[in-house]
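Remarks on the structure that follows.
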Amino acid sequence: MNDVQTAPPLPSACAVPLPAPAAKDATAAAPLLRAEGLSIGHGDTIIQRDLNFSLQPGEVLVIAGASGCGKSTLLRHLVGLQTPLAGRVWHGEVDFYAADPAAQSQLRQRFGVMFQGGALWSSMTVGENVMLPMQLFAPYSPRECEALARYKLAVVGLPDAFDLAPSALSGGMRKRAAVARALALDPPLLFLDEPSAGLDPMSSARLDTLLQHLRDTGTGLVMVTHELESIFAVADRLLFLDVHERTMTALGPPQQLLDSGPDTVREFLSRGDDSRGSR
Ligand SMILES: Nc1ncnc2c1ncn2[C@@H]1O[C@H](COP(=O)(O)OP(=O)(O)O)[C@@H](O)[C@H]1O
Ligand SMILES: [Mg+2]
């Protein structure tokens, strides 16, 4: 069942070496990502203010909070799509929004993003979707791109989807294809917005296994999710955004927050099945 743990070997037709996993030494490494005094919103409306957190290589940070608290908005700020109202977003040593467009463009190639809904281009096959970032940013031949895209699809459990149209896939398969596309350039940093919402339990567990594998090979992950099983399975730390306070009210390992976090966070982490999968 855990097919992603035994990912298929890289096809022999592919001459492109996969990058060596980053060393997993979370204490020594510089943060991959850091939010410093970050306030986010739309127009004059502040949705969340004074957010401070960082992400180390090989760490999974889950962003959680009630619907509408600003999780997707925060992700858009972290990936360079929305300018903060205040504060900074650091990618490594670079202050993203103070960097020039060329530097921003370079940074963008160092992370993968799966947005809520996992949109794929409907006019392209699944394989073409996964190859797109490679064609845009990597010096690979068409044959190498295809071999790598097939490999990424196999890694997410879709070995036969390369030639299919996105419309031929189920919702869960589309999400996994979007994860394969986010992995296309083997980014050291990955952003996922509700990757397992609406997935059946087996697909969800398979995705968790994949995320654990990525974490264990040094990838840093920022993931928005409501799913308690995913949180306890993969999150090293949970960042809780309070919809009423409009700021973060907890940051720490989920079990620690369940045991001794603020009441709202303990309630969130101890709720029953009935409230899972809400948006
Ligand atoms: N483009 C936008 N313009 C104005 N308000 C927005 C926009 N997108 C989202 N919002 C508002 O920002 C708040 C946070 O939205 P969102 O980040 O999508 O929340 P979450 O992902 O936590 O459910 C919500 O109140 C939403 O209505
Ligand atoms: Mg959202």
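In the structure tokens, each chain is lettered A, B, ... as it comes, each chain's residues begin at 1, and ligands are numbered from 1 in order of appearance.
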Q: Give the helix (DSSP H, G or I) residues of range 30-269 of chain A, as assigned by DSSP on the backbone, as a PyMOL selection string.
A: chain A and resi 71-78+96-98+101-108+126-137+142-155+166-168+171-182+201-216+228-234+254-260+263-269
Q: Identify, counting only C-alpha atoms and all ligand atoms, the protein, DNA and RNA residues located within 10 Å of ligand 1, and give them as a PyMOL selection string.
A: chain A and resi 40-48+63-76+82+116+193-194+224-225+241-243+278-279
Q) Which neighbours of Asn129 in chain A fall inside 12 Å, counting only C-alpha atoms, when residues of the same chain fewer than 2 positions from it are skipped, and could you give them as a count of residues only? A) 37
Just list the residues in range 57-167 of chain A DSSP gives strand (DSSP E or B) on the backbone, as a PDB file with N, CA and C atoms, in the first residue's frame.
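Result written to part11.pdb:
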```pdb
ATOM      1  N   VAL A  60       8.400  20.002   8.481  1.00  0.00           N
ATOM      2  CA  VAL A  60       7.039  20.215   7.982  1.00  0.00           C
ATOM      3  C   VAL A  60       6.332  21.173   8.940  1.00  0.00           C
ATOM      4  N   LEU A  61       5.939  22.318   8.390  1.00  0.00           N
ATOM      5  CA  LEU A  61       5.175  23.297   9.162  1.00  0.00           C
ATOM      6  C   LEU A  61       3.752  23.291   8.630  1.00  0.00           C
ATOM      7  N   VAL A  62       2.806  22.981   9.497  1.00  0.00           N
ATOM      8  CA  VAL A  62       1.400  23.020   9.091  1.00  0.00           C
ATOM      9  C   VAL A  62       0.790  24.345   9.533  1.00  0.00           C
ATOM     10  N   ILE A  63       0.081  24.983   8.608  1.00  0.00           N
ATOM     11  CA  ILE A  63      -0.663  26.204   8.925  1.00  0.00           C
ATOM     12  C   ILE A  63      -2.118  25.810   9.099  1.00  0.00           C
ATOM     13  N   ALA A  64      -2.690  26.155  10.242  1.00  0.00           N
ATOM     14  CA  ALA A  64      -4.069  25.755  10.514  1.00  0.00           C
ATOM     15  C   ALA A  64      -4.826  26.918  11.136  1.00  0.00           C
ATOM     16  N   ALA A  86       2.976  44.718   5.950  1.00  0.00           N
ATOM     17  CA  ALA A  86       4.155  45.062   6.757  1.00  0.00           C
ATOM     18  C   ALA A  86       4.978  43.803   6.959  1.00  0.00           C
ATOM     19  N   GLY A  87       6.257  44.010   7.265  1.00  0.00           N
ATOM     20  CA  GLY A  87       7.113  42.871   7.576  1.00  0.00           C
ATOM     21  C   GLY A  87       7.810  42.306   6.350  1.00  0.00           C
ATOM     22  N   ARG A  88       8.512  41.197   6.568  1.00  0.00           N
ATOM     23  CA  ARG A  88       9.347  40.631   5.512  1.00  0.00           C
ATOM     24  C   ARG A  88       9.148  39.130   5.385  1.00  0.00           C
ATOM     25  N   VAL A  89       9.391  38.653   4.174  1.00  0.00           N
ATOM     26  CA  VAL A  89       9.436  37.212   3.897  1.00  0.00           C
ATOM     27  C   VAL A  89      10.842  36.910   3.395  1.00  0.00           C
ATOM     28  N   TRP A  90      11.590  36.145   4.183  1.00  0.00           N
ATOM     29  CA  TRP A  90      12.965  35.798   3.806  1.00  0.00           C
ATOM     30  C   TRP A  90      12.983  34.412   3.183  1.00  0.00           C
ATOM     31  N   HIS A  91      13.578  34.308   2.013  1.00  0.00           N
ATOM     32  CA  HIS A  91      13.882  32.996   1.430  1.00  0.00           C
ATOM     33  C   HIS A  91      15.382  32.831   1.560  1.00  0.00           C
ATOM     34  N   VAL A  94      17.624  35.996   1.425  1.00  0.00           N
ATOM     35  CA  VAL A  94      17.071  37.048   0.561  1.00  0.00           C
ATOM     36  C   VAL A  94      15.706  37.510   1.058  1.00  0.00           C
ATOM     37  N   ASP A  95      15.576  38.808   1.199  1.00  0.00           N
ATOM     38  CA  ASP A  95      14.293  39.438   1.540  1.00  0.00           C
ATOM     39  C   ASP A  95      13.486  39.497   0.232  1.00  0.00           C
ATOM     40  N   PHE A 111      11.244  26.726  -5.296  1.00  0.00           N
ATOM     41  CA  PHE A 111      10.151  26.116  -4.537  1.00  0.00           C
ATOM     42  C   PHE A 111       9.024  25.669  -5.465  1.00  0.00           C
ATOM     43  N   GLY A 112       8.293  24.657  -4.993  1.00  0.00           N
ATOM     44  CA  GLY A 112       7.127  24.170  -5.722  1.00  0.00           C
ATOM     45  C   GLY A 112       5.874  24.562  -4.959  1.00  0.00           C
ATOM     46  N   VAL A 113       4.795  24.787  -5.702  1.00  0.00           N
ATOM     47  CA  VAL A 113       3.550  25.229  -5.070  1.00  0.00           C
ATOM     48  C   VAL A 113       2.388  24.388  -5.586  1.00  0.00           C
ATOM     49  N   MET A 114       1.551  23.929  -4.668  1.00  0.00           N
ATOM     50  CA  MET A 114       0.271  23.357  -5.060  1.00  0.00           C
ATOM     51  C   MET A 114      -0.823  24.188  -4.397  1.00  0.00           C
TER      52      MET A 114
END
```
Selection: 12 Å around Arg271 in chain A, only C-alpha atoms, excl. self and same-chain fewer than 6 positions, as a short mmCIF file (atom, residue, chain, number, x, y, z; two decimals) with N, CA and C atoms, in the first residue's frame:
```cif
data_model
loop_
_atom_site.label_atom_id
_atom_site.label_comp_id
_atom_site.auth_asym_id
_atom_site.auth_seq_id
_atom_site.Cartn_x
_atom_site.Cartn_y
_atom_site.Cartn_z
N HIS A 226 -6.54 20.86 7.33
CA HIS A 226 -7.44 20.69 8.48
C HIS A 226 -7.37 19.27 9.02
N GLU A 227 -6.76 18.39 8.26
CA GLU A 227 -6.88 16.96 8.54
C GLU A 227 -6.03 16.58 9.76
N LEU A 228 -6.71 16.17 10.81
CA LEU A 228 -5.97 15.86 12.04
C LEU A 228 -5.00 14.71 11.84
N GLU A 229 -5.41 13.71 11.08
CA GLU A 229 -4.50 12.57 10.89
C GLU A 229 -3.21 13.02 10.22
N LEU A 258 -1.57 20.09 21.75
CA LEU A 258 -2.76 19.37 22.21
C LEU A 258 -2.73 19.23 23.74
N ASP A 263 -6.62 27.21 24.66
CA ASP A 263 -7.88 26.45 24.57
C ASP A 263 -8.35 26.26 23.12
N THR A 264 -8.33 27.35 22.33
CA THR A 264 -8.84 27.24 20.96
C THR A 264 -8.04 26.21 20.16
N VAL A 265 -6.74 26.17 20.42
CA VAL A 265 -5.88 25.25 19.66
C VAL A 265 -6.12 23.82 20.13
N GLY A 277 -12.36 17.89 7.37
CA GLY A 277 -12.58 18.11 5.94
C GLY A 277 -13.35 19.38 5.66
N SER A 278 -13.65 20.17 6.68
CA SER A 278 -14.31 21.44 6.42
C SER A 278 -13.30 22.38 5.80
#
```
